[in-house]
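See below for the structure under consideration.
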Amino acid sequence: MSFKKALTVYRKELLELFRDRRTLFTTIILPLILYPLIFVGYSALMTRQTGVLEQKGAIIAVVDSADDASSRIIVSHLDKIDHFKPPEIKDQIQQQYDDKFIDGIVTIRDTTLTSGINGYQISVQFDRATDKGRMIIDKLRRAFASAEKEVLSGMLQERGVSDKLLDAMIVKEIDTSTRQKKMGMVLGMILPYLMIVLLVTSAAVVAADLVAGEKERKTLETLLVSAVARNEIVLGKYLTIITFAFLNVVINLFSLFFSMKYMLSMSGIQTEGVKIPLEGFGILLLAMIPLATLFAAILLSISTFSRHMKEARSYEQPLLMVTIMLAMISFFPAIEMNKLLALVPVINISLLFKAVMINEYQLSHLLLTIGSTVVYDILAIWMTIRLFNSEGVLFRVDDDTSIKNIRKEKRSLFNPFYGLVYFTLSLLVWFYLGMLLQSGKDKLEGLVQSQLLLILLPVLLIIRILKLKANEVLRFKLPKANQLLLLPFIAIPAMLIVAYLMQSINMVFPISQKYIESMQALMNISANPWILLLTLALLPGICEEVLFRGWLMRFYESSGKVIAVVCTALFFAVFHLDPVRLLPTFLLGLLLGYLTIRSGSIISSMISHTINNGFAVLVASFEGAWIIRSLFGASGQIHHWMMPPVVLIFIIALLMFHKATANKELKCVE
Amino acid sequence: MTGIARMTSSSTDSRSVDEYGEAMISVKNLVKEFSQRQGGKFRAVDEVSFQAYRGEIVCLLGVNGAGKTTTMRLLSTVFKPSGGSAEICGYDIHREAQKVRENLGFLSGDTGLYNRLRAREFIRYFGRLYGTEDAVITRRIREMADLLDMHEFLDRKIEFLSSGMKQKVSIARSIIHDPPVMIFDEPTSGLDILTSRNIVAFIRDCKKRGKCVLFSTHIMREAERLADRIVLIHKGKVLADDTLENLRLNTGQTDLDDIFVYFVNRFTDDMEVTADEF
């Protein structure tokens with residue numbers, strides 16, 4: 001590989017990008033004007049508008065039905081509020097409020113409290129949904145607080161008690177955080193999100209243009225026939241995306257930094273001790289590098305895969321949405337960086353930023369974050385180079401996927417796009433109708449209904465309508481005996497591994513009490529474990545396998561076996577609608593997909609799925625039994641020492657299965 | 001110009017191939033299969049063999065979908081062959097792809113250009129990708145600008161050029177590294193008459209300079225006017241490979257259209273192909 005040629009490609013791409021006025025405007029000019037506008041303009045407007053609101057004041061009717069010395073004190077405090085006026089007409093107060101002539105009504109009544117003391121009940125009518133309403137209640141609360149003290153001290157004096165008692169409890173807040181840290185906390189929430197989103201969106205714009213754009217403009221073939229190697233092209237383009245995305249982030253930060261500085265100095269807030277953490281910015285930029293390279297590689301492979309820019313942009317959308325959601329983790333309270341999260345892309349950078357901004361980060365987390373991202377990065381680049389060397393991808397053509405053609409050529413139904421459509425529809429149906437079915441009294445019955453009606457039935461119906469051979473399409477045939485024998489040795493260890501993983505995840509994201517309760521409710525409905533096994537293990541084992549491994553897998557087989565397994569596993573994970581269980585279900589989906597493809601039979605994955613679910617049911621049903629107690633510690637957790645032998649059994653069984661199905665594979669190729 | 005310029009013959013006579021010396025393009029039983037979504041394989045190029053020599057213009061003639069573009073993509077190393085072999089200037093297209101590309105100039109009718117670059121930058125970019133020295137690139141751009149009358153728009157952005165100017169830029173791009181072999185894939189498709197004439201003149205000029213030219217077309221007139229030798233290709237197979245005169249002699253037809261139909265009919269007796277289709 002010649003680095004010089006890669007650099008030639010890189011220089012040309014940059015030159016072209018900077019010649020594009022639109023890109024130039026959105027990446028450089030826009031951030032330079034936008035932040036000053038937002039910060040300076042917005043804050044000025046905000047202060048001004050608040051002033052306007054206060055100046056405008058409000059019409060408040062005070063109805064004092066107690067009308068004694070104390071209530072008059074309260075009224076006098078209310079009268080002192082600036083810009084509050086009483087209504088001009090004193091009667092039909094409620095009517096005036098309803099007609100919006102009055103902004104609020106304060107009613108004071110004397111009442112005997114449960115303790116037997118005579119006191120006052122004050123009610124306030126206001127509309128919190130308006131800015132004025134919120135302003136009114138704020139001011140009234142302050143007035144009530146000062147009135148309360150005066151009324152109380154009067155009452156105490158009446159009883160011959162010193163009103164000094166009111167000051168008996170003094171609360172003093174000692175805030176040890178520095179202004180610097182407070183600033184860091186606010187920045188730590190906003191900045192990671194902002195930087196990641198900027199990085200990804202600007203990288204996406206450039207990436208779509210770099211390969212899909214070349215395909216669209218018919219320049220790619222010219223490039224391919226020139227004496228530049230494909231990995232040199234990939235490297236050149238990859239560097240372009242990184243440079244551009246980074247430039248965008250730096251310009252944004254620069255503009256943000258100066259706008260904030262200007263705003264702080266203009267706002268008259270004491271800026272002593274408040275410093276924008278510049279060195280923090282530096283560390284962040286450094287940590288952004290692996291993330292930028294990762295996204296550059298992923299986006300470049302999307303662009304390589306796409307036939308034109310529009311297609312690239314639409315494939316980029318889901319990635320951008322997921323990234324933005326992951327980046328939002330910095331806004332969540334109580335999620336702190338740990339070694340496990342340091343391995344999750346985007347989330348790790350987001351949390352690291354947060355920690356860096358308040359200057360409380362661990363070096364190990366920084367290294368883990370950078371290290372893991374570099375690993376993902378290498379994988380993504382390898383993938384891009386592979387795609388770039390694939391003729392099928394570089395010269396992809398449209399398939400005829402019209403409905404007309406499906407009638408003619410039934411196989412053309414099974415293309416990735418229709419697979420996605422089918423999955424999306426069934427997800428929607430599962431979410432809305434499933435919720436409806438399961439909201440009834442008998443949760444178990446609802447579950448059975450939704451499995452049969454929403455998951456199994458539609459697939460069978462479509463197969464019937466299109467007159468497809470169900471057994472063939474769904475691979476409904478028995479695997480060989482030796483494969484069947486191996487399944488428990490794969491499924492049970494897999495189940496334990498998944499459970500162990502779940503257990504580790506639960507330590508980071510504790511399961512909510514509500515979820516545990518609803519699960520327990522489900523288990524308690526029927527004490528008979530056999531019914532539970534039937535409905536919670538066997539039924540989903542059959543229905544879900546028909547949908548995912550039987551039906552949906554067919555849509556992705558034309559794209560290759562690996563892609564088919566990964567896609568259906570992803571669908572399977574998303575279908576469970578639980579972000580915390582996403583990874584374990586995904587891994588389980590990978591295994592089930594592998595078993596189906598490898599053995600050419602859906603029965604293998606049905607059995608494994610049933611074993612997996614069944615085991616969970618058994619554990620829950622026989623919590624007290626000795627075998628459960630010996631598997632799990634007193635805390636109900638799987639022992640750590642169990643993992644190495646379990647993983648070993650799993651690997652050996654899987655290898656044996658792989659070998660046992662080797663002939664099958666050869667036959668398929670033939 | 002390099003030593004290749006020794007050959008300056010511009011005649012379209014039917015000399016025997018031996019007079020041209022060593023073969024610059026040598027294709028042996030080349031096969032390209034594409035897997036189909038419905039399963040199974042589709043043979044786009046089926047055991048294709050032919051040779052092309054120095055100072056010779058060889059035309060790959062066939063209808064759309066005959067396998068011309070796939071053959072050319074195989075020769076230009078964009079595709080990898082599923083079987084057989086081919087050599088360009090003695091370099092194997094599979095094992096020595098880089099060397100093959102260095103010795104090859106490639107031009108197709110629907111090639112796009114980088115609109116935001118200036119013509120000079122565009123040509124220089126490809127020169128650098130071919131590993132040509134900057135000084136040589138500068139000299140060659142000047143020479144080509146003289147030859148193709150490009151001085152006037154050399155420093156203009158490509159997006160502002162007319163289609164004729166763009167075509168000249170593409171031509172200059174394809175020979176910036178002075179390759180001994182030129183491949184033109186449907187070079188005139190989508191071009192107006194005047195622009196097509198530029199291309200035709202350029203192809204003749206390449207021959208004059210002793211380059212080996214392979215061009216594909218579905219237009220019979222173009223093949224008649226330019227080719228020293230015609231390779232008839234249909235459904236991925238070579239049906240005939242000879243000079244126009246020999247083809248006329250062997251088939252008893254004078255018109256190339258009729259000759260083409262003659263061979264196709266012989267290939268598929270049951271299929272009626274009329275010359276109107278072309």
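Naming works like this for the structure tokens: A, B, ... for the chains as they're shown, residue 1 at the start of each chain, ligands 1 onward in shown order.
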
For Asp79 (chain A), find every residue with an atom within 12 Å (counting only C-alpha atoms), except residues of its own chain fewer than 2 positions away, and show them as an NGL selection string. :A and (59-62 or 72-77 or 81-86 or 106 or 139-140 or 143-144 or 147)

For Arg142 (chain B): contacts at 12 Å, only C-alpha atoms, fewer than 2 positions along chain excluded, given as a PyMOL selection string: chain B and resi 120+123-124+135-140+144-152+154+172+176

Dump of N, CA, C and O atoms for the selected residues, as a CSV table (one decimal), in the first residue's frame:
```csv
chain,number,residue,atom,x,y,z
B,120,ARG,N,-7.5,21.1,-15.0
B,120,ARG,CA,-6.1,20.8,-14.8
B,120,ARG,C,-5.9,20.0,-13.6
B,120,ARG,O,-5.2,19.0,-13.6
B,123,ILE,N,-7.0,16.3,-14.2
B,123,ILE,CA,-6.0,15.5,-14.9
B,123,ILE,C,-4.8,15.2,-14.0
B,123,ILE,O,-4.3,14.1,-14.0
B,124,ARG,N,-4.4,16.2,-13.3
B,124,ARG,CA,-3.2,16.0,-12.4
B,124,ARG,C,-3.5,15.0,-11.4
B,124,ARG,O,-2.6,14.2,-11.0
B,135,ALA,N,6.5,16.8,-12.6
B,135,ALA,CA,7.0,17.5,-13.7
B,135,ALA,C,6.5,16.9,-15.0
B,135,ALA,O,6.2,17.6,-16.0
B,136,VAL,N,6.5,15.6,-15.1
B,136,VAL,CA,6.0,14.9,-16.3
B,136,VAL,C,4.5,15.2,-16.5
B,136,VAL,O,4.1,15.5,-17.6
B,137,ILE,N,3.8,15.2,-15.4
B,137,ILE,CA,2.3,15.5,-15.5
B,137,ILE,C,2.2,16.9,-16.2
B,137,ILE,O,1.4,17.1,-17.1
B,138,THR,N,2.9,17.9,-15.6
B,138,THR,CA,2.8,19.2,-16.1
B,138,THR,C,3.1,19.3,-17.6
B,138,THR,O,2.4,19.9,-18.4
B,139,ARG,N,4.2,18.6,-18.0
B,139,ARG,CA,4.5,18.6,-19.4
B,139,ARG,C,3.5,17.9,-20.3
B,139,ARG,O,3.1,18.5,-21.3
B,140,ARG,N,3.0,16.8,-19.8
B,140,ARG,CA,2.0,16.1,-20.6
B,140,ARG,C,0.7,16.9,-20.7
B,140,ARG,O,0.0,16.8,-21.8
B,144,MET,N,-1.1,17.7,-24.2
B,144,MET,CA,-2.4,17.3,-24.5
B,144,MET,C,-3.3,18.5,-24.8
B,144,MET,O,-4.2,18.5,-25.6
B,145,ALA,N,-3.1,19.6,-24.1
B,145,ALA,CA,-3.9,20.8,-24.3
B,145,ALA,C,-3.6,21.3,-25.7
B,145,ALA,O,-4.5,21.8,-26.3
B,146,ASP,N,-2.3,21.2,-26.2
B,146,ASP,CA,-2.0,21.6,-27.6
B,146,ASP,C,-2.8,20.7,-28.5
B,146,ASP,O,-3.5,21.2,-29.4
B,147,LEU,N,-2.7,19.4,-28.3
B,147,LEU,CA,-3.3,18.4,-29.2
B,147,LEU,C,-4.8,18.5,-29.2
B,147,LEU,O,-5.4,18.5,-30.3
B,148,LEU,N,-5.4,18.7,-28.0
B,148,LEU,CA,-6.9,18.6,-28.0
B,148,LEU,C,-7.5,20.0,-27.9
B,148,LEU,O,-8.7,20.2,-27.7
B,149,ASP,N,-6.7,21.0,-28.0
B,149,ASP,CA,-7.1,22.4,-28.0
B,149,ASP,C,-7.9,22.7,-26.7
B,149,ASP,O,-9.1,23.0,-26.7
B,150,MET,N,-7.2,22.5,-25.6
B,150,MET,CA,-7.9,22.7,-24.3
B,150,MET,C,-7.4,23.9,-23.5
B,150,MET,O,-7.9,24.1,-22.4
B,151,HIS,N,-6.4,24.6,-24.0
B,151,HIS,CA,-5.8,25.7,-23.2
B,151,HIS,C,-6.9,26.7,-22.6
B,151,HIS,O,-6.7,27.1,-21.5
B,152,GLU,N,-7.9,26.9,-23.4
B,152,GLU,CA,-8.8,28.0,-23.0
B,152,GLU,C,-9.6,27.6,-21.7
B,152,GLU,O,-9.9,28.5,-20.9
B,154,LEU,N,-8.6,25.0,-19.5
B,154,LEU,CA,-7.9,24.2,-18.6
B,154,LEU,C,-8.0,24.6,-17.1
B,154,LEU,O,-7.9,23.7,-16.2
B,172,ALA,N,-8.0,13.3,-21.9
B,172,ALA,CA,-6.7,13.7,-21.4
B,172,ALA,C,-6.4,12.9,-20.1
B,172,ALA,O,-5.3,12.4,-19.9
B,176,ILE,N,-3.0,10.3,-19.5
B,176,ILE,CA,-2.0,11.1,-18.8
B,176,ILE,C,-0.8,10.3,-18.4
B,176,ILE,O,0.3,10.8,-18.4
```

When you get a sec, could you note down which chain B residues fall within 8 Å of chain A, using only C-alpha atoms, as a ChimeraX atom specification? /B:37-38,76-79,98-99,101-102,106-107,110-114,116-117,125-126,128-131

Assign secondary structure with DSSP using the backbone only, and return the residues of region 104-189 of chain B in alpha helix (DSSP H) as a PyMOL selection string. chain B and resi 119-129+134-148+163-174

If we count only C-alpha atoms, what is near region 560-575 of chain A at a cut-off of 6 Å, once residues fewer than 2 positions away on the same chain are taken out, given as a PyMOL selection string? chain A and resi 548+553+556-558+577+582+585-586+589-590+593

Could you list, as an mmCIF file with C-alpha atoms, in the first residue's frame, every residue within 6 Å of region 157-163 of chain B, counting only C-alpha atoms and ignoring same-chain residues fewer than 4 positions away?
```
data_model
loop_
_atom_site.group_PDB
_atom_site.id
_atom_site.type_symbol
_atom_site.label_atom_id
_atom_site.label_comp_id
_atom_site.auth_asym_id
_atom_site.auth_seq_id
_atom_site.Cartn_x
_atom_site.Cartn_y
_atom_site.Cartn_z
ATOM 1 C CA ASN B 115 -17.354 18.838 -11.037
ATOM 2 C CA LEU B 117 -12.241 20.405 -9.600
ATOM 3 C CA ARG B 118 -10.670 22.463 -12.367
ATOM 4 C CA ALA B 119 -9.832 20.566 -15.549
#
```

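Distance check against Leu285 (chain A) using only C-alpha atoms: of A:Ser265, A:Pro192, A:Asp131, A:Ala207, the minimum falls on A:Pro192.
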
Fewer than 2 positions away in the same chain doesn't count, so skip those; otherwise give me all residues within 6 Å of region 184-199 of chain B, counting only C-alpha atoms, as a short mmCIF file (atom, residue, chain, number, x, y, z; two decimals) with N, CA and C atoms, in the first residue's frame.
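Contents of around-v2.cif, freshly written:
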```
data_model
loop_
_atom_site.label_atom_id
_atom_site.label_comp_id
_atom_site.auth_asym_id
_atom_site.auth_seq_id
_atom_site.Cartn_x
_atom_site.Cartn_y
_atom_site.Cartn_z
N PHE B 106 -8.35 3.87 -19.68
CA PHE B 106 -9.73 3.40 -19.77
C PHE B 106 -10.67 4.59 -19.94
N LEU B 107 -11.56 4.49 -20.90
CA LEU B 107 -12.51 5.58 -21.12
C LEU B 107 -13.86 5.00 -21.51
N SER B 108 -14.90 5.48 -20.85
CA SER B 108 -16.23 5.03 -21.26
C SER B 108 -17.12 6.24 -21.51
N GLY B 109 -18.18 6.02 -22.26
CA GLY B 109 -19.03 7.12 -22.69
C GLY B 109 -19.72 7.84 -21.56
N GLY B 164 -18.70 18.68 -24.72
CA GLY B 164 -17.54 18.43 -25.58
C GLY B 164 -16.23 18.67 -24.84
N ALA B 201 -11.76 10.54 -33.68
CA ALA B 201 -10.46 11.06 -34.09
C ALA B 201 -9.38 10.64 -33.10
N PHE B 202 -9.74 10.66 -31.84
CA PHE B 202 -8.76 10.30 -30.80
C PHE B 202 -8.37 8.82 -30.91
N PHE B 215 -12.07 -1.37 -28.33
CA PHE B 215 -13.26 -0.58 -28.00
C PHE B 215 -14.51 -1.40 -28.23
N SER B 216 -15.53 -1.08 -27.43
CA SER B 216 -16.77 -1.84 -27.53
C SER B 216 -17.86 -0.94 -28.06
N THR B 217 -18.78 -1.49 -28.80
CA THR B 217 -19.90 -0.70 -29.29
C THR B 217 -21.03 -1.64 -29.71
#
```
